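One structure is given here, and the rest of the page talks about it.
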Amino acid sequence: MTDEFDNEDFFEEDFEDMDEDENYEKFCFLCHRPESQTGRMIELPNNIHICSDCMQKSFDTMNQHMTDGKINYADLFNMPNISMIDLSSLQNPAPKPKKAKKKKSESQPEIDLRNIPAPHKIKATLDEYVIGQEHAKKVMSVAVYNHYKRVATDTMDEIDIEKSNMLMIGPTGCGKTYLVKTLAKLLDVPLAIADATSLTEAGYIGDDIESVVSKLLAAADNDVEKAEHGIIFIDEIDKIAKKKNTNQRDVSGEAVQQGMLKLLEGSDVEVPVGANSKNAMVPLTTVNTRNILFICGGAFPDLENIIKERLNKQASIGFYADLKDKYDNDPHLLEKVTVEDIRNFGMIPEFIGRLPIIFTLDGLSEDMLVKILKEPKNAILKQYQKLLALDEVKLEFEEGALHAIASKAMEKKTGARALRAILEEYMLDIMYEIPKDDSIGQVIITREYIEGTGGPKILLRGQEMPLLEG
């Protein structure tokens with residue numbers, strides 16, 4: 001040992017690696033089991049470790065094929081199911097063995113009840129970024145607050161608080177994903193956002209259902225205990241509805257719903273560490289989903305037609321019958337959704353039953369789109385103003401221009417996503433021309449410019465007008 005420390009090649013970095021490796025455990029080069037299962041490993045050159053079981057099997061196999069004290073290699077190599085060590089790996093530098101973090105033996109303090117943010121505080125933070133959707137923000141704030149309390153009081157007494165998985169329904173571009181991403185900034189629990197469109201039944205090309213949990217494990221830095229108290233948001237959940245009028249096997253529809261039942265209810269799931277798919281070279285770990293909160297969201301296209309059909313059947317005969325077109329322009333039609341409507345859409349009853357909280361998001365009106373343009377902390381207009389401020393140019397929008405932009409966005413019927421596309425179109429020439437002229441001090445976007453009947457107001461330095469309100 002003294003010779004090693006006298007060697008000039010032993011640097012301070014080696015001490016850091018030794019301290020860091022104490023938090024990790026070695027894996028067997030042959031059977032890939034961790035040291036916590038196999039016991040102490042036998043160390044070979046070039047960071048190769050062999051467990052005692054595999055080493056004993058190798059000796060037993062050689063002893064069985066010895067003739068007159070010599071090994072019969074012809075028989076040995078023809079034996080099935082015998083895994084031999086590649087001798088070249090002992091000579092050439094091998095990559096570091098796969099390592100997984102050891103579970104900390106000492107129990108970490110759980111979430112403190114006194115530090116749990118109240119629902120009104122969570123909603124107040126959401127209000128800074130998300131316009132409208134008051135009911136949805138209130139539901140999510142209470143659900144997350146209860147999830148914190150559920151984690152904090154998990155082992156307090158014999159009363160088990162059931163988790164409240166959520167299903168959020170709303171048209172495209174109304175802020176479903178944005179709500180969850182904003183929520184992720186406030187939370188201390190790990191949050192993973194997954195997409196249901198890539199999920200398939202096990203054994204088919206695509207992501208297995210367990211990949212949803214593996215994303216949460218990655219968000220928790222492979223800490224299983226931390227991941228088991230996290231939140232998973234599954235977007236585009238309507239894409240796994242049962243396919244209608246098909247003779248082919250539905251590997252990405254009803255089969256995925258059935259596979260997700262165990263995740264939503266709570267069960268032990270084996271997930272790969274540091275990978276999205278299971279294979280022999282990736283260590284597995286077990287995650288219990290009983291304390292994981294699931295939030296599912298989807299646009300559910302054509303669900304409004306199912307609701308209208310149900311409502312028209314209820315009152316379609318007699319003097320007081322409703323007209324068939326009564327609900328055609330109803331902006332709050334989605335609020336009348338029932339579990340039966342979702343089942344008719346293609347979601348199986350067992351799946352819906354594991355999502356007890358169902359709420360809808362409103363479609364965006366023109367006034368809401370105008371507020372989205374200018375009020376949130378990271379509003380689109382503030383982003384463009386910051387870009388031009390780097391060129392020392394003030395950018396302002398007239399109130400009429402904002403309404404013209406919102407009106408064009410309403411025609412596209414893609415929600416708030418249309419605002420960025422429209423602004424990119426009209427700001428292209430301005431962002432291209434302004435860096436050419438250093439004398440430009442202020443640009444005012446007018447309604448006429450948006451409607452194509454005029455141009456923006458451009459003021460030179462020294463002629464800037466006071467900042468317009470709004």
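As shown in the structure tokens, the chain order sets the letters A, B, ...; within each chain, residues go from 1, and ligands are also counted from 1 in the order they appear.
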Taking 2 positions as the minimum chain separation for residues in the same chain, which residues sit within 10 Å of Val144 in chain A when counting only C-alpha atoms? Answer as a list in words. Ile116, Pro117, Ala118, Pro119, Ile122, Val139, Met140, Ser141, Val142, Asn146, His147, Tyr148, Lys149, Arg150, Ser164, Leu183, Leu187, Ile231 and Leu293 of chain A
Kindly save the residues from that selection, with N, CA, C and O atoms included, as a JSON list (two decimals), in the first residue's frame.
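New file again34.json:
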[["chain", "number", "residue", "atom", "x", "y", "z"],
["A", 116, "ILE", "N", -45.65, 22.91, 3.55],
["A", 116, "ILE", "CA", -46.48, 22.60, 2.38],
["A", 116, "ILE", "C", -47.17, 23.87, 1.91],
["A", 116, "ILE", "O", -47.85, 24.54, 2.69],
["A", 117, "PRO", "N", -47.02, 24.25, 0.62],
["A", 117, "PRO", "CA", -47.70, 25.46, 0.14],
["A", 117, "PRO", "C", -49.21, 25.26, 0.09],
["A", 117, "PRO", "O", -49.69, 24.23, -0.37],
["A", 118, "ALA", "N", -49.96, 26.22, 0.59],
["A", 118, "ALA", "CA", -51.42, 26.14, 0.61],
["A", 118, "ALA", "C", -51.98, 26.26, -0.81],
["A", 118, "ALA", "O", -51.32, 26.81, -1.70],
["A", 119, "PRO", "N", -53.19, 25.76, -1.04],
["A", 119, "PRO", "CA", -53.76, 25.83, -2.40],
["A", 119, "PRO", "C", -53.82, 27.24, -2.97],
["A", 119, "PRO", "O", -53.56, 27.44, -4.16],
["A", 122, "ILE", "N", -50.42, 28.16, -4.32],
["A", 122, "ILE", "CA", -50.12, 27.48, -5.59],
["A", 122, "ILE", "C", -50.88, 28.14, -6.73],
["A", 122, "ILE", "O", -50.32, 28.40, -7.80],
["A", 139, "VAL", "N", -58.67, 23.25, -9.06],
["A", 139, "VAL", "CA", -58.67, 21.79, -8.89],
["A", 139, "VAL", "C", -57.25, 21.26, -8.76],
["A", 139, "VAL", "O", -56.95, 20.44, -7.87],
["A", 140, "MET", "N", -56.35, 21.73, -9.62],
["A", 140, "MET", "CA", -54.97, 21.25, -9.59],
["A", 140, "MET", "C", -54.26, 21.69, -8.31],
["A", 140, "MET", "O", -53.45, 20.94, -7.74],
["A", 141, "SER", "N", -54.53, 22.89, -7.83],
["A", 141, "SER", "CA", -53.88, 23.38, -6.62],
["A", 141, "SER", "C", -54.27, 22.53, -5.42],
["A", 141, "SER", "O", -53.43, 22.15, -4.60],
["A", 142, "VAL", "N", -55.57, 22.21, -5.31],
["A", 142, "VAL", "CA", -56.04, 21.38, -4.20],
["A", 142, "VAL", "C", -55.47, 19.97, -4.31],
["A", 142, "VAL", "O", -55.05, 19.37, -3.31],
["A", 146, "ASN", "N", -53.10, 18.26, -1.52],
["A", 146, "ASN", "CA", -53.46, 17.01, -0.85],
["A", 146, "ASN", "C", -52.40, 15.94, -1.09],
["A", 146, "ASN", "O", -52.18, 15.07, -0.23],
["A", 147, "HIS", "N", -51.76, 15.99, -2.24],
["A", 147, "HIS", "CA", -50.71, 15.01, -2.52],
["A", 147, "HIS", "C", -49.53, 15.23, -1.58],
["A", 147, "HIS", "O", -48.94, 14.27, -1.07],
["A", 148, "TYR", "N", -49.17, 16.48, -1.35],
["A", 148, "TYR", "CA", -48.11, 16.78, -0.39],
["A", 148, "TYR", "C", -48.47, 16.23, 0.99],
["A", 148, "TYR", "O", -47.66, 15.58, 1.66],
["A", 149, "LYS", "N", -49.70, 16.51, 1.44],
["A", 149, "LYS", "CA", -50.13, 16.06, 2.77],
["A", 149, "LYS", "C", -50.18, 14.54, 2.83],
["A", 149, "LYS", "O", -49.87, 13.94, 3.86],
["A", 150, "ARG", "N", -50.57, 13.91, 1.73],
["A", 150, "ARG", "CA", -50.65, 12.45, 1.70],
["A", 150, "ARG", "C", -49.26, 11.83, 1.87],
["A", 150, "ARG", "O", -49.08, 10.84, 2.58],
["A", 164, "SER", "N", -55.80, 10.99, -5.55],
["A", 164, "SER", "CA", -56.84, 11.47, -6.46],
["A", 164, "SER", "C", -56.22, 11.75, -7.81],
["A", 164, "SER", "O", -55.77, 12.87, -8.09],
["A", 183, "LEU", "N", -46.56, 24.21, -13.13],
["A", 183, "LEU", "CA", -46.63, 23.56, -11.82],
["A", 183, "LEU", "C", -45.30, 22.93, -11.45],
["A", 183, "LEU", "O", -44.91, 22.90, -10.27],
["A", 187, "LEU", "N", -42.89, 22.89, -7.60],
["A", 187, "LEU", "CA", -42.93, 21.70, -6.76],
["A", 187, "LEU", "C", -41.54, 21.26, -6.33],
["A", 187, "LEU", "O", -40.56, 21.38, -7.06],
["A", 231, "ILE", "N", -44.99, 13.09, -9.26],
["A", 231, "ILE", "CA", -46.19, 13.33, -10.06],
["A", 231, "ILE", "C", -45.86, 13.04, -11.52],
["A", 231, "ILE", "O", -44.80, 13.43, -12.03],
["A", 293, "LEU", "N", -48.82, 10.48, -7.99],
["A", 293, "LEU", "CA", -50.04, 11.14, -8.47],
["A", 293, "LEU", "C", -49.99, 11.22, -9.99],
["A", 293, "LEU", "O", -49.02, 11.70, -10.57]]
Range 265-270 of chain A: which residues within 10 Å, counting only C-alpha atoms, same-chain residues fewer than 5 positions away excluded, as a ChimeraX atom specification? /A:162-163,165,210-211,213-214,260,278,283-294,351,353-355
Identify, with DSSP run on backbone atoms, the residues in range 236-404 of chain A assigned to alpha helix (DSSP H), and express the list as a ChimeraX atom specification. /A:254-265,303-314,339-345,349-353,366-374,380-389,399-404
Nearest to Leu364 in chain A: which of A:Gln383, A:Gly132, A:Thr182, A:Lys336 is it, counting only C-alpha atoms? A:Gly132
Calculated over only C-alpha atoms, which of the candidates A:Glu424, A:Asp221, A:Glu25, A:Glu399 has the smallest distance to Lys371 in chain A? A:Glu399
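You can rank A:Val393, A:Ile450, A:Ala220, A:Ile234 by their closest distance to Val180 in chain A using only C-alpha atoms, and at the top of that list sits A:Ile234.
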Within 9 Å of Ala202 in chain A, counting only C-alpha atoms, which residues qualify if same-chain residues fewer than 6 places away don't, as a PyMOL selection string? chain A and resi 208-209+251+256+259
Would you save the residues of that selection, restricted to N, CA, C and O atoms, as a tab-separated table (two decimals), in the first residue's frame?
chain	number	residue	atom	x	y	z
A	208	ASP	N	-42.70	0.86	-23.81
A	208	ASP	CA	-43.53	0.11	-22.89
A	208	ASP	C	-44.19	1.07	-21.90
A	208	ASP	O	-43.76	2.21	-21.72
A	209	ILE	N	-45.24	0.56	-21.26
A	209	ILE	CA	-45.97	1.40	-20.31
A	209	ILE	C	-45.08	1.78	-19.14
A	209	ILE	O	-45.20	2.87	-18.56
A	251	VAL	N	-52.81	-2.46	-30.58
A	251	VAL	CA	-51.66	-2.50	-29.68
A	251	VAL	C	-51.39	-1.15	-29.03
A	251	VAL	O	-50.63	-1.06	-28.06
A	256	VAL	N	-53.14	-0.55	-24.19
A	256	VAL	CA	-52.35	0.37	-23.36
A	256	VAL	C	-53.17	0.79	-22.14
A	256	VAL	O	-52.64	0.90	-21.03
A	259	GLY	N	-53.00	-1.96	-19.67
A	259	GLY	CA	-51.68	-2.04	-19.06
A	259	GLY	C	-51.43	-0.94	-18.04
A	259	GLY	O	-50.63	-1.10	-17.11
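What separates CA of Arg417 in chain A from CA of Gly173 in chain A is a distance of 5.7 Å.
Once Met368 in chain A and its same-chain neighbours fewer than 5 positions away are set aside, Ile131, Gly132, Leu373 and Ala406 of chain A remain within 9 Å of it when counting only C-alpha atoms.
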Just write the chosen residues, C-alpha atoms, as a PDB file, in the first residue's frame.
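The result, stored in result03.pdb:
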ATOM      1  CA  ILE A 131     -54.591  33.389 -18.022  1.00  0.00           C
ATOM      2  CA  GLY A 132     -58.126  32.204 -17.222  1.00  0.00           C
ATOM      3  CA  LEU A 373     -50.308  38.240 -25.342  1.00  0.00           C
ATOM      4  CA  ALA A 406     -56.307  37.698 -31.379  1.00  0.00           C
TER       5      ALA A 406
END
Write out as a list in words which residues come within 8 Å of range 433-446 of chain A when counting only C-alpha atoms, dropping same-chain ones fewer than 5 positions away. Asp391, Glu392, Val393, Lys394, Leu395, Glu396, Phe397, Glu398, Gly400, Ala401, Gly455, Pro456, Lys457, Ile458, Leu459, Leu460, Arg461, Gly462, Gln463, Glu464 and Met465 of chain A
